[in-house]
Every structure is written in C-alpha cells, then in structure tokens.
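Structure file entry-v5.cif (mmCIF, C-alpha atoms and all ligand atoms) follows.
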```
data_upload
loop_
_atom_site.label_atom_id
_atom_site.label_comp_id
_atom_site.auth_asym_id
_atom_site.auth_seq_id
_atom_site.Cartn_x
_atom_site.Cartn_y
_atom_site.Cartn_z
CA ASP A 1 -32.71 -0.49 70.23
CA LYS A 2 -28.96 -0.41 69.72
CA GLY A 3 -28.26 0.75 73.29
CA THR A 4 -24.70 1.96 73.67
CA TYR A 5 -23.60 0.58 70.31
CA PRO A 6 -22.80 3.13 67.60
CA PHE A 7 -24.26 0.80 64.97
CA TYR A 8 -26.54 -2.22 64.89
CA MET A 9 -23.93 -4.18 62.97
CA LEU A 10 -21.52 -4.18 65.92
CA LYS A 11 -24.33 -5.14 68.28
CA GLU A 12 -25.32 -8.00 66.00
CA ILE A 13 -21.73 -9.23 65.69
CA ASP A 14 -21.54 -9.19 69.50
CA GLU A 15 -24.75 -11.19 69.81
CA GLN A 16 -23.36 -14.19 67.94
CA PRO A 17 -22.13 -16.18 70.98
CA ASN A 18 -25.62 -15.90 72.47
CA VAL A 19 -27.24 -16.89 69.19
CA MET A 20 -25.15 -20.08 69.20
CA ARG A 21 -26.26 -20.84 72.77
CA LYS A 22 -29.88 -20.06 71.94
CA LEU A 23 -29.88 -22.50 69.02
CA ALA A 24 -28.44 -25.22 71.27
CA GLN A 25 -31.13 -24.46 73.82
CA VAL A 26 -33.98 -24.54 71.29
CA TYR A 27 -32.85 -27.45 69.10
CA LEU A 28 -30.92 -29.79 71.44
CA SER A 29 -32.23 -31.95 74.26
CA GLU A 30 -30.71 -31.99 77.75
CA THR A 31 -28.45 -34.82 76.66
CA GLY A 32 -27.32 -32.83 73.63
CA GLU A 33 -29.31 -34.69 70.98
CA PRO A 34 -31.01 -32.72 68.19
CA VAL A 35 -34.74 -32.27 68.60
CA ILE A 36 -36.10 -31.83 65.10
CA ASN A 37 -39.63 -32.34 63.77
CA GLU A 38 -39.92 -36.07 62.92
CA LYS A 39 -41.97 -35.45 59.79
CA LEU A 40 -39.33 -33.11 58.45
CA LEU A 41 -36.60 -35.68 59.10
CA ASN A 42 -38.64 -38.40 57.40
CA SER A 43 -39.19 -36.25 54.33
CA MET A 44 -35.52 -35.45 54.15
CA LYS A 45 -34.56 -39.10 54.66
CA GLN A 46 -36.46 -40.07 51.54
CA ALA A 47 -34.62 -37.52 49.44
CA ASP A 48 -31.84 -38.65 47.13
CA ARG A 49 -30.49 -35.11 46.83
CA ILE A 50 -30.74 -31.86 48.74
CA TYR A 51 -31.00 -28.55 46.90
CA ILE A 52 -30.11 -25.47 48.96
CA VAL A 53 -31.35 -22.18 47.53
CA GLY A 54 -30.56 -18.66 48.70
CA ALA A 55 -29.26 -15.20 47.78
CA GLY A 56 -26.26 -13.18 48.95
CA THR A 57 -25.12 -14.06 52.43
CA SER A 58 -27.74 -16.79 52.70
CA TYR A 59 -26.32 -18.41 49.57
CA HIS A 60 -22.90 -18.30 51.23
CA ALA A 61 -24.32 -19.98 54.33
CA GLY A 62 -25.71 -22.62 51.96
CA LEU A 63 -22.25 -23.33 50.56
CA VAL A 64 -21.11 -24.26 54.06
CA GLY A 65 -24.33 -26.17 54.68
CA ALA A 66 -23.75 -28.37 51.64
CA ARG A 67 -20.46 -29.57 53.11
CA LEU A 68 -22.21 -30.30 56.41
CA PHE A 69 -25.01 -32.29 54.77
CA GLU A 70 -22.65 -34.25 52.56
CA ASN A 71 -20.26 -35.06 55.40
CA LEU A 72 -22.81 -35.91 58.05
CA THR A 73 -25.56 -37.50 55.94
CA GLN A 74 -23.85 -38.73 52.76
CA THR A 75 -26.68 -37.13 50.78
CA PRO A 76 -25.48 -35.33 47.64
CA THR A 77 -26.20 -31.64 48.14
CA GLU A 78 -26.22 -28.78 45.65
CA VAL A 79 -26.32 -25.08 46.40
CA HIS A 80 -27.86 -22.54 44.05
CA ILE A 81 -28.22 -18.79 43.77
CA SER A 82 -31.97 -18.29 43.76
CA SER A 83 -32.12 -15.76 40.91
CA GLU A 84 -30.23 -18.24 38.70
CA PHE A 85 -32.16 -21.32 39.72
CA ALA A 86 -35.48 -19.59 39.08
CA TYR A 87 -34.92 -19.27 35.35
CA GLU A 88 -32.30 -21.93 34.60
CA GLN A 89 -33.37 -24.88 36.66
CA PRO A 90 -30.83 -27.70 36.79
CA ILE A 91 -31.97 -31.23 36.00
CA LEU A 92 -33.41 -32.46 39.27
CA SER A 93 -32.85 -35.83 40.89
CA LYS A 94 -35.74 -38.32 41.27
CA LYS A 95 -36.47 -37.32 44.87
CA PRO A 96 -35.27 -33.81 45.53
CA PHE A 97 -35.68 -31.96 48.82
CA PHE A 98 -35.38 -28.19 48.89
CA ILE A 99 -33.97 -26.00 51.64
CA PHE A 100 -34.57 -22.27 51.38
CA LEU A 101 -32.22 -20.07 53.38
CA SER A 102 -33.50 -16.56 53.98
CA GLN A 103 -32.97 -14.28 56.95
CA SER A 104 -35.98 -12.13 56.06
CA GLY A 105 -38.09 -14.85 54.48
CA GLU A 106 -39.16 -12.26 51.90
CA THR A 107 -36.51 -12.40 49.18
CA ALA A 108 -38.36 -12.34 45.84
CA ASP A 109 -35.69 -14.31 43.98
CA SER A 110 -35.94 -17.17 46.45
CA ARG A 111 -39.72 -17.02 46.50
CA GLU A 112 -39.80 -17.41 42.72
CA VAL A 113 -38.01 -20.75 43.12
CA LEU A 114 -40.36 -21.84 45.92
CA VAL A 115 -43.40 -21.10 43.75
CA ASN A 116 -41.99 -23.46 41.12
CA VAL A 117 -41.10 -26.09 43.73
CA ASN A 118 -44.63 -26.00 45.09
CA ALA A 119 -46.13 -26.20 41.60
CA ALA A 120 -44.12 -29.40 41.08
CA ASN A 121 -45.28 -30.76 44.46
CA TYR A 122 -41.84 -31.12 45.97
CA GLU A 123 -41.37 -30.81 49.71
CA SER A 124 -39.34 -27.99 51.15
CA LEU A 125 -37.96 -26.42 54.29
CA THR A 126 -37.43 -22.72 54.92
CA ILE A 127 -34.77 -21.74 57.43
CA THR A 128 -35.52 -18.14 58.35
CA ASN A 129 -35.29 -15.57 61.10
CA VAL A 130 -38.83 -14.31 60.59
CA GLN A 131 -41.85 -16.27 61.72
CA ASN A 132 -44.80 -16.17 59.29
CA SER A 133 -42.67 -14.65 56.55
CA THR A 134 -43.68 -15.48 52.98
CA LEU A 135 -41.06 -18.18 52.49
CA SER A 136 -41.98 -19.71 55.83
CA ARG A 137 -45.70 -19.79 55.07
CA GLU A 138 -45.26 -21.24 51.60
CA ALA A 139 -42.73 -24.01 52.36
CA THR A 140 -43.74 -27.42 53.74
CA TYR A 141 -41.63 -26.94 56.90
CA THR A 142 -39.96 -24.08 58.75
CA LEU A 143 -37.06 -23.91 61.18
CA LEU A 144 -36.54 -20.55 62.87
CA LEU A 145 -33.10 -19.06 63.43
CA HIS A 146 -34.01 -17.41 66.75
CA ALA A 147 -31.26 -14.84 66.14
CA GLY A 148 -33.40 -11.87 67.16
CA PRO A 149 -34.13 -9.03 64.72
CA GLU A 150 -31.28 -8.26 62.35
CA ILE A 151 -31.43 -4.54 61.57
CA ALA A 152 -28.08 -3.75 59.91
CA VAL A 153 -28.29 -4.26 56.17
CA ALA A 154 -25.09 -6.32 56.25
CA SER A 155 -26.02 -9.74 57.56
CA THR A 156 -23.82 -11.17 60.33
CA LYS A 157 -25.60 -13.16 63.01
CA ALA A 158 -28.06 -14.62 60.50
CA TYR A 159 -25.13 -16.14 58.59
CA THR A 160 -23.68 -17.87 61.65
CA ALA A 161 -27.14 -18.89 62.85
CA GLN A 162 -27.93 -20.45 59.48
CA ILE A 163 -24.72 -22.48 59.52
CA ALA A 164 -25.23 -23.62 63.12
CA LEU A 165 -28.80 -24.69 62.39
CA GLU A 166 -27.74 -26.50 59.22
CA ALA A 167 -25.18 -28.35 61.38
CA ILE A 168 -27.85 -29.37 63.89
CA LEU A 169 -30.15 -30.52 61.10
CA ALA A 170 -27.38 -32.44 59.33
CA LYS A 171 -26.45 -34.13 62.61
CA ALA A 172 -30.09 -35.11 63.20
CA LEU A 173 -30.54 -36.42 59.68
CA GLY A 174 -27.24 -38.32 59.66
CA GLU A 175 -27.95 -39.89 63.02
CA SER A 176 -31.42 -40.98 62.04
CA ASP A 177 -29.73 -42.79 59.18
CA ASN A 178 -27.05 -44.36 61.42
CA GLN A 179 -24.19 -42.46 59.83
CA ILE A 180 -21.14 -42.95 62.02
CA VAL A 181 -19.68 -39.50 61.29
CA ALA A 182 -22.94 -37.95 62.49
CA GLN A 183 -23.04 -40.12 65.60
CA ARG A 184 -19.54 -39.00 66.52
CA PHE A 185 -20.23 -35.32 65.84
CA ASN A 186 -20.77 -33.83 69.29
CA ILE A 187 -22.90 -30.88 68.28
CA ARG A 188 -23.57 -29.63 71.79
CA GLN A 189 -19.91 -29.57 72.74
CA GLN A 190 -19.01 -27.98 69.41
CA LEU A 191 -21.58 -25.20 69.66
CA GLY A 192 -20.27 -24.47 73.16
CA LEU A 193 -16.71 -24.21 71.79
CA VAL A 194 -17.95 -22.03 68.95
CA ALA A 195 -19.73 -19.65 71.36
CA THR A 196 -16.66 -19.17 73.54
CA GLY A 197 -14.45 -18.99 70.46
CA ILE A 198 -16.52 -16.18 68.90
CA GLN A 199 -16.41 -14.36 72.22
CA ALA A 200 -12.61 -14.60 72.31
CA ILE A 201 -12.39 -13.07 68.81
CA ILE A 202 -14.75 -10.26 69.79
CA ASP A 203 -12.79 -9.57 72.97
CA ALA A 204 -9.65 -9.05 70.88
CA LYS A 205 -11.36 -6.77 68.37
CA SER A 206 -9.04 -3.78 68.88
CA LYS A 207 -6.40 -5.69 66.94
CA LEU A 208 -8.83 -5.97 64.03
CA GLU A 209 -9.59 -2.27 64.23
CA ASP A 210 -5.85 -1.56 63.86
CA MET A 211 -5.57 -3.99 60.95
CA ALA A 212 -8.54 -2.42 59.19
CA LYS A 213 -6.81 0.96 59.41
CA LYS A 214 -3.48 -0.38 58.29
CA TYR A 215 -4.61 -2.54 55.37
CA PHE A 216 -8.05 -1.49 54.14
CA LEU A 217 -8.51 2.23 54.70
CA ASN A 218 -6.64 3.38 51.63
CA THR A 219 -6.85 0.44 49.27
CA PRO A 220 -9.14 0.32 46.23
CA ASN A 221 -9.27 -3.48 46.36
CA ALA A 222 -8.56 -6.57 48.44
CA PHE A 223 -8.61 -10.36 48.13
CA TYR A 224 -9.78 -13.04 50.49
CA ILE A 225 -8.47 -16.47 49.52
CA GLY A 226 -8.94 -20.02 50.77
CA ARG A 227 -9.80 -23.55 49.74
CA SER A 228 -12.99 -25.58 50.32
CA LEU A 229 -14.81 -24.21 53.39
CA ASP A 230 -12.26 -21.41 53.61
CA TRP A 231 -13.18 -20.41 50.07
CA SER A 232 -16.86 -20.29 51.03
CA VAL A 233 -16.01 -17.96 53.91
CA SER A 234 -13.81 -15.89 51.58
CA LEU A 235 -16.86 -15.16 49.44
CA GLU A 236 -18.81 -13.96 52.46
CA ALA A 237 -15.86 -11.97 53.81
CA ALA A 238 -15.47 -10.19 50.47
CA LEU A 239 -19.20 -9.42 50.27
CA LYS A 240 -19.13 -7.83 53.74
CA LEU A 241 -16.17 -5.62 52.84
CA LYS A 242 -17.71 -4.57 49.52
CA GLU A 243 -21.16 -3.73 50.73
CA ILE A 244 -20.31 -1.56 53.73
CA SER A 245 -16.85 -0.14 53.01
CA TYR A 246 -16.98 0.06 49.20
CA VAL A 247 -13.59 -1.61 48.84
CA GLN A 248 -13.72 -3.81 45.77
CA ALA A 249 -13.08 -7.22 47.21
CA GLU A 250 -12.94 -10.67 45.73
CA GLY A 251 -13.29 -14.01 47.46
CA PHE A 252 -11.18 -16.51 45.60
CA ALA A 253 -10.34 -20.19 45.53
CA SER A 254 -6.66 -19.86 46.35
CA GLY A 255 -5.55 -22.47 43.83
CA GLU A 256 -7.33 -20.60 41.06
CA LEU A 257 -5.47 -17.29 41.56
CA LYS A 258 -2.50 -18.35 39.47
CA HIS A 259 -4.80 -19.11 36.55
CA GLY A 260 -5.26 -15.42 35.80
CA THR A 261 -6.39 -13.23 38.64
CA ILE A 262 -2.94 -12.99 40.21
CA ALA A 263 -2.26 -10.40 37.50
CA LEU A 264 -4.24 -7.95 39.64
CA ILE A 265 -1.84 -8.17 42.58
CA GLU A 266 0.24 -5.02 42.92
CA ASP A 267 2.50 -3.48 45.48
CA GLY A 268 0.44 -3.19 48.65
CA THR A 269 -2.67 -5.13 47.58
CA PRO A 270 -4.10 -6.73 50.73
CA VAL A 271 -4.52 -10.51 50.44
CA ILE A 272 -6.13 -12.27 53.38
CA GLY A 273 -5.65 -16.01 53.57
CA ILE A 274 -8.15 -18.10 55.50
CA ILE A 275 -6.45 -21.31 56.63
CA THR A 276 -8.54 -23.63 58.79
CA GLN A 277 -8.49 -26.94 56.90
CA ALA A 278 -5.51 -29.22 57.58
CA LYS A 279 -5.69 -30.85 54.15
CA THR A 280 -5.18 -27.60 52.25
CA ALA A 281 -3.38 -25.35 54.73
CA GLY A 282 0.05 -25.80 53.16
CA LEU A 283 -1.30 -25.17 49.68
CA THR A 284 -3.00 -21.92 50.64
CA ARG A 285 0.17 -20.81 52.39
CA SER A 286 2.11 -21.38 49.14
CA ASN A 287 -0.51 -19.39 47.24
CA LEU A 288 -0.12 -16.54 49.72
CA GLN A 289 3.65 -16.62 49.18
CA GLU A 290 3.06 -16.31 45.45
CA THR A 291 1.06 -13.11 46.00
CA MET A 292 3.64 -11.77 48.46
CA ALA A 293 6.35 -12.23 45.84
CA ARG A 294 4.30 -9.85 43.68
CA GLY A 295 4.02 -7.20 46.37
CA ALA A 296 0.86 -8.21 48.25
CA LYS A 297 0.50 -7.41 51.92
CA ILE A 298 -0.72 -10.64 53.42
CA ILE A 299 -2.83 -11.30 56.49
CA THR A 300 -3.50 -14.82 57.75
CA ILE A 301 -6.51 -16.08 59.64
CA THR A 302 -5.87 -19.58 60.95
CA THR A 303 -6.58 -21.96 63.81
CA GLU A 304 -4.48 -22.81 66.86
CA SER A 305 -3.60 -26.25 65.57
CA LEU A 306 -2.51 -24.93 62.15
CA ALA A 307 -0.83 -21.73 63.33
CA LYS A 308 2.70 -20.75 62.38
CA LYS A 309 4.95 -18.15 63.97
CA ASP A 310 3.93 -15.13 61.90
CA ASP A 311 0.20 -15.69 61.63
CA ASP A 312 -1.99 -12.67 62.35
CA ILE A 313 -5.35 -13.93 63.61
CA ILE A 314 -5.46 -17.23 65.45
CA LEU A 315 -8.83 -18.85 66.06
CA PRO A 316 -9.55 -21.39 68.80
CA ASP A 317 -9.87 -24.95 67.49
CA VAL A 318 -13.29 -26.40 66.74
CA ASP A 319 -14.36 -29.30 64.48
CA GLU A 320 -13.05 -28.54 60.97
CA LEU A 321 -16.60 -28.59 59.60
CA LEU A 322 -17.54 -25.66 61.84
CA THR A 323 -14.54 -23.35 61.40
CA PRO A 324 -16.62 -20.97 59.20
CA LEU A 325 -18.51 -19.99 62.35
CA LEU A 326 -15.26 -18.59 63.73
CA SER A 327 -13.27 -17.51 60.69
CA VAL A 328 -16.06 -15.25 59.43
CA VAL A 329 -16.08 -13.16 62.62
CA PRO A 330 -12.74 -11.34 62.15
CA THR A 331 -13.81 -10.59 58.57
CA GLN A 332 -17.09 -9.08 59.80
CA LEU A 333 -15.12 -6.89 62.19
CA LEU A 334 -12.58 -5.90 59.54
CA ALA A 335 -15.43 -4.77 57.28
CA TYR A 336 -17.14 -2.98 60.16
CA TYR A 337 -14.06 -1.00 61.18
CA THR A 338 -13.17 -0.12 57.60
CA SER A 339 -16.63 1.32 57.07
CA LEU A 340 -16.54 3.09 60.44
CA ASN A 341 -13.13 4.62 59.82
CA LYS A 342 -14.25 5.87 56.43
CA GLY A 343 -17.08 7.68 58.16
CA LEU A 344 -19.74 5.71 56.28
CA ASP A 345 -23.20 4.76 57.48
CA VAL A 346 -22.32 1.20 58.49
CA ASP A 347 -25.91 0.04 58.93
CA LYS A 348 -27.31 1.59 55.77
CA PRO A 349 -24.86 1.28 52.90
CA ARG A 350 -25.71 3.06 49.68
CA ASN A 351 -27.93 1.40 47.06
CA LEU A 352 -29.02 -1.42 49.38
CA ALA A 353 -32.17 -2.43 51.25
CA LYS A 354 -32.48 -4.96 54.05
CA SER A 355 -34.86 -7.20 52.22
CA VAL A 356 -34.93 -7.41 48.47
CA THR A 357 -38.52 -7.90 47.37
CA VAL A 358 -38.00 -7.39 43.63
CA GLU A 359 -36.50 -9.91 41.21
C1 LIG B 401 -25.54 -9.26 52.68
C2 LIG B 401 -26.99 -9.40 52.73
C3 LIG B 401 -27.70 -9.90 51.53
C4 LIG B 401 -28.77 -10.92 51.92
C5 LIG B 401 -29.61 -11.34 50.71
C6 LIG B 401 -30.59 -12.41 51.06
O1 LIG B 401 -25.02 -8.83 53.90
O2 LIG B 401 -27.58 -9.15 53.74
O3 LIG B 401 -26.81 -10.46 50.61
O4 LIG B 401 -28.13 -12.01 52.50
O5 LIG B 401 -30.27 -10.22 50.20
O6 LIG B 401 -31.47 -12.01 52.05
P1 LIG B 401 -32.34 -13.03 52.85
O7 LIG B 401 -31.42 -13.87 53.66
O8 LIG B 401 -33.24 -12.18 53.72
O9 LIG B 401 -33.11 -13.85 51.86
#
```
Show me, as structure tokens, the structure contained in the file I just sent.
Ligand code: F6R
Amino acid sequence: DKGTYPFYMLKEIDEQPNVMRKLAQVYLSETGEPVINEKLLNSMKQADRIYIVGAGTSYHAGLVGARLFENLTQTPTEVHISSEFAYEQPILSKKPFFIFLSQSGETADSREVLVNVNAANYESLTITNVQNSTLSREATYTLLLHAGPEIAVASTKAYTAQIALEAILAKALGESDNQIVAQRFNIRQQLGLVATGIQAIIDAKSKLEDMAKKYFLNTPNAFYIGRSLDWSVSLEAALKLKEISYVQAEGFASGELKHGTIALIEDGTPVIGIITQAKTAGLTRSNLQETMARGAKIITITTESLAKKDDDIILPDVDELLTPLLSVVPTQLLAYYTSLNKGLDVDKPRNLAKSVTVE
C-alpha cells in the first residue's frame, strides 16, 4: 500500500534510511561486527577471483561492489552484465566465486548464467530481495536484502540495499583474512552516517524538484559524468532518468567525454557532475568546465569536504567507498520529479516490466 504517497517510487526512495538501519540490524552484531554465514565466508576465502553478475540496476550495484571487494579484501573482482556473460563467458580464474545480484531473483538473463555456473560445479551466492526466488533456490548461498517489497518498476531501495550488503560482506571477508583496511572500516558507524545522510537529502527534496523543472523538463537529453565510483553512479543515474522520464541520458566517464562524445554538447544541454572522490574531483571539475565552455548547463553533486562555493547539491561526508549510497539519491529524486512533472506514470513506465523473465 502506498499510503499517502502519489507513487511507490517516492515511498521507496523515502524508505532507504530505514533499509540501511535494517541491514545493520540483521547483519551486524551488537558490537558492530558483521554476522555472516561461516560456510559462505570460507567458500569466498578460497576464491582467487570474484565474479559479480547482474542486469540493469543490479549490474550497476555490482560495479560499486567490485570496488568494495577489491579494497576491503584484495580479491580481484570482475563485474558482468548477465546477458553478455551467458553467451560470451570470459576465461575464468582457477577458483572463481560467483555473486548474483537480483532484486527479484527471477531475471532470466542472470539465471542463464547460474545454470552454467551450477553445471560447472562452482559455488555461488545470490543477493536478492525475494526469499525462495529462483536465483536464491539455485545458488549455493543466499543473502536477503530485507528492503521490503519494491513495487515501482524503477529500482531505488534495492540498489542502495545491494551496495550496503556488499559492503558488509566485503568487510566480513576482509576481516576474516586480516586485511587492515577491512579492520579499520567501521561499517556500523558508516551505515549510521549513510542513513542520516540519505534522510538529509530527502528532507531537502524540494530543491531537487525545482532543479528537475529547470533543467530536465524540456531537454531531449542529459549527461551524468564522473570518475571511478562516481562514474558507476552516473550510469545508474542516467538509467533512472531514461526509464521513467524518457529523457535520453548518458552516464559517462568524465575523462572520456573529450574523446568524442563532447560533440553532443549544445547550448543548454544539462551536464551533471558527480564529485565525491578526492583523487579525481579536480579532474571532473575541469571536464565540467570544458562542457560549460560549449554551452552546457552544469549541476554539481559533491560532498561537504570537496564542496566549492557554487556547488548545487552537497552531500554529508561518509567513507569514500560508500558515497554511491548518498550520491545516487538526488539522481533518483531528479528522475522522479521529471517524470512526475511530465505527467507520466512514474511507477509503470512504458515498455517495461518489473521482472524480466525472458532472455
Ligand atoms: C531499473 C531496473 C532494472 C532491473 C533489472 C534487473 O530500474 O529495475 O534495470 O534492475 O531488470 O532486475 P533484478 O535486479 O530483479 O534482477
């Protein structure tokens, strides 16, 4: 039931702080240590490489997860689009471990990969929101997202839940292997900061409603740009805008723009820069300037510690590995309000179904 909300999507965006708290409650002990199935951790510890597989938004959550696993566990991690992996399997390492990300647990493209993984006798984990779903039943292990039912076709809380759970799992795995970075990563404190941070963004949503009107209502296209984790979020931000507001949007590695795509920038093209990583903040700012010189209208999404005078959206600081949990939220709201202001059916965009059970 969506209660007083006009659309499920807004309700589900609003639920994200609670989803973060719920995951901490389910997967962390009273002292803040991860509580993860020992067998699962042992299987993962034996792996020489992690393969994350997913589609759409779940694939995007996997891109962030790969950074978390590599940073906290030092295990090389690859991310693959399930429909590609199914028919063009990369050369696997000696001891691969597979993680399937799927909100619904029913995505046919991902299942096709799992069938092959099982046929080869490799171990796997499904991270899903739906207990007893196909991908959950057929994988060796399951971790549930506990995000509550996600009804809107556009995925929001499942994305943030997937990233938060990947972070908890990476912390557990890294710690069990005595990785110092993992030991120092205070997951409980961070998830608390993330929950209050998301709430602060939601509380200031009227600003995003105004920005959606000003920048997106009458544009045929838009760009989200960023580097590393900010690029991963750019892909998700662009997907949200495309699927519910029908604005053609591209998520782009900001350094790659000048190698061709910058030709598309015209007078008034909205370019949104996501700037949450200290190492690349200055570079993305230069890339934004390059688009502005060609007429782009720029919007910046950044963190308190990286903020400059004219920035538009300023996120509270959290560990740099977890900034996607915050930076995605304004982009969800921008997509929501653009769709709403166009008078579209936010929850049921054209041509789409909530779970895609055909290949
Ligand atoms: C986008 C969206 C889709 C799904 C994709 C995978 O908002 O919802 O891109 O993320 O179809 O679905 P699951 O996660 O159920 O496997």
So, with all atoms listed in the file as the atoms that count, which of A:Asn118, A:Gln103, A:Gln25, A:Asn37 lies closest to Lys354 of chain A? A:Gln103
List all protein, DNA and RNA residues that have an atom no more than 8 Å from any atom of ligand LIG 401 (chain B), counting all atoms listed in the file, and report them as a list in words.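 Final answer, ordered by chain and number: Gly54, Ala55, Gly56, Thr57, Ser58, Tyr59, Leu101, Ser102, Gln103, Ser104, Gly105, Glu106, Thr107, Ser110, Thr128, Val153, Ala154, Ser155, Thr156, Ala158, Tyr159, Leu239, Lys240, Glu243, Lys354, Ser355 and Val356 of chain A.
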Rank nothing, just name the residue among A:Glu266, A:Glu123, A:Asp347, A:Asp14 nearest to Ser43 of chain A, using all atoms listed in the file. A:Glu123
Identify which of the residues A:Thr276, A:Thr160, A:Asn121, A:Ser305 lies closest to Thr140 of chain A, counting all atoms listed in the file when measuring atom-to-atom distances.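 Result for the nearest residue to Thr140 of chain A: A:Asn121.
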Within 12 Å of Asp48 of chain A, counting all atoms listed in the file, which residues qualify if same-chain residues fewer than 2 places away don't, as a list in words?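 Residues meeting the cut-off are Ser43, Met44, Lys45, Gln46, Ile50, Tyr51, Glu70, Thr73, Gln74, Thr75, Pro76, Thr77, Glu78, Leu92, Ser93, Lys94, Lys95, Pro96, Phe97 and Phe98 of chain A.
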When you draw a straight line from atom CA of Glu112 of chain A to atom CA of Gln162 of chain A, how long is it in Å? 20.8 Å
For a quick check of understanding, using all atoms listed in the file, which of A:Ala212, A:Leu322, A:Leu217, A:Leu315 has the smallest distance to Ala164 of chain A?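 Looking at the shortest contact to Ala164 of chain A, the residue is A:Leu322.
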Taking (-13.4, -13.7, 47.3) in the file's coordinates, which residues come within 7 Å, counting only C-alpha atoms, written as a PDB file with C-alpha atoms, keeping the file's coordinate frame?
```pdb
ATOM      1  CA  PHE A 223      -8.610 -10.360  48.130  1.00  0.00           C
ATOM      2  CA  TYR A 224      -9.780 -13.040  50.490  1.00  0.00           C
ATOM      3  CA  ILE A 225      -8.470 -16.470  49.520  1.00  0.00           C
ATOM      4  CA  SER A 234     -13.810 -15.890  51.580  1.00  0.00           C
ATOM      5  CA  LEU A 235     -16.860 -15.160  49.440  1.00  0.00           C
ATOM      6  CA  ALA A 238     -15.470 -10.190  50.470  1.00  0.00           C
ATOM      7  CA  ALA A 249     -13.080  -7.220  47.210  1.00  0.00           C
ATOM      8  CA  GLU A 250     -12.940 -10.670  45.730  1.00  0.00           C
ATOM      9  CA  GLY A 251     -13.290 -14.010  47.460  1.00  0.00           C
ATOM     10  CA  PHE A 252     -11.180 -16.510  45.600  1.00  0.00           C
TER      11      PHE A 252
END
```
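In this structure, atom CA of Ile299 of chain A sits 13.2 Å away from atom CA of Lys213 of chain A.
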Can you fill out segment 77-89 of chain A with N, CA and C atoms and hand it back as a PDB file, in the coordinates of the input?
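Final output, saved to result-v1.pdb:
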```pdb
ATOM      1  N   THR A  77     -25.542 -32.915  47.885  1.00  0.00           N
ATOM      2  CA  THR A  77     -26.200 -31.640  48.140  1.00  0.00           C
ATOM      3  C   THR A  77     -25.669 -30.573  47.185  1.00  0.00           C
ATOM      4  N   GLU A  78     -26.588 -29.873  46.559  1.00  0.00           N
ATOM      5  CA  GLU A  78     -26.220 -28.780  45.650  1.00  0.00           C
ATOM      6  C   GLU A  78     -26.668 -27.463  46.240  1.00  0.00           C
ATOM      7  N   VAL A  79     -25.944 -26.412  45.929  1.00  0.00           N
ATOM      8  CA  VAL A  79     -26.320 -25.080  46.400  1.00  0.00           C
ATOM      9  C   VAL A  79     -26.527 -24.186  45.189  1.00  0.00           C
ATOM     10  N   HIS A  80     -27.575 -23.411  45.200  1.00  0.00           N
ATOM     11  CA  HIS A  80     -27.860 -22.540  44.050  1.00  0.00           C
ATOM     12  C   HIS A  80     -28.213 -21.126  44.459  1.00  0.00           C
ATOM     13  N   ILE A  81     -27.798 -20.184  43.639  1.00  0.00           N
ATOM     14  CA  ILE A  81     -28.220 -18.790  43.770  1.00  0.00           C
ATOM     15  C   ILE A  81     -29.665 -18.725  43.283  1.00  0.00           C
ATOM     16  N   SER A  82     -30.544 -18.187  44.104  1.00  0.00           N
ATOM     17  CA  SER A  82     -31.970 -18.290  43.760  1.00  0.00           C
ATOM     18  C   SER A  82     -32.324 -17.625  42.436  1.00  0.00           C
ATOM     19  N   SER A  83     -31.741 -16.464  42.146  1.00  0.00           N
ATOM     20  CA  SER A  83     -32.120 -15.760  40.910  1.00  0.00           C
ATOM     21  C   SER A  83     -31.666 -16.530  39.668  1.00  0.00           C
ATOM     22  N   GLU A  84     -30.668 -17.388  39.813  1.00  0.00           N
ATOM     23  CA  GLU A  84     -30.230 -18.240  38.700  1.00  0.00           C
ATOM     24  C   GLU A  84     -31.126 -19.470  38.583  1.00  0.00           C
ATOM     25  N   PHE A  85     -31.360 -20.092  39.709  1.00  0.00           N
ATOM     26  CA  PHE A  85     -32.160 -21.320  39.720  1.00  0.00           C
ATOM     27  C   PHE A  85     -33.560 -21.069  39.164  1.00  0.00           C
ATOM     28  N   ALA A  86     -34.101 -19.891  39.453  1.00  0.00           N
ATOM     29  CA  ALA A  86     -35.480 -19.590  39.080  1.00  0.00           C
ATOM     30  C   ALA A  86     -35.712 -19.668  37.575  1.00  0.00           C
ATOM     31  N   TYR A  87     -34.709 -19.326  36.793  1.00  0.00           N
ATOM     32  CA  TYR A  87     -34.920 -19.270  35.350  1.00  0.00           C
ATOM     33  C   TYR A  87     -34.034 -20.233  34.572  1.00  0.00           C
ATOM     34  N   GLU A  88     -33.172 -20.969  35.269  1.00  0.00           N
ATOM     35  CA  GLU A  88     -32.300 -21.930  34.600  1.00  0.00           C
ATOM     36  C   GLU A  88     -32.195 -23.131  35.520  1.00  0.00           C
ATOM     37  N   GLN A  89     -33.315 -23.804  35.684  1.00  0.00           N
ATOM     38  CA  GLN A  89     -33.370 -24.880  36.660  1.00  0.00           C
ATOM     39  C   GLN A  89     -32.496 -26.056  36.240  1.00  0.00           C
TER      40      GLN A  89
END
```
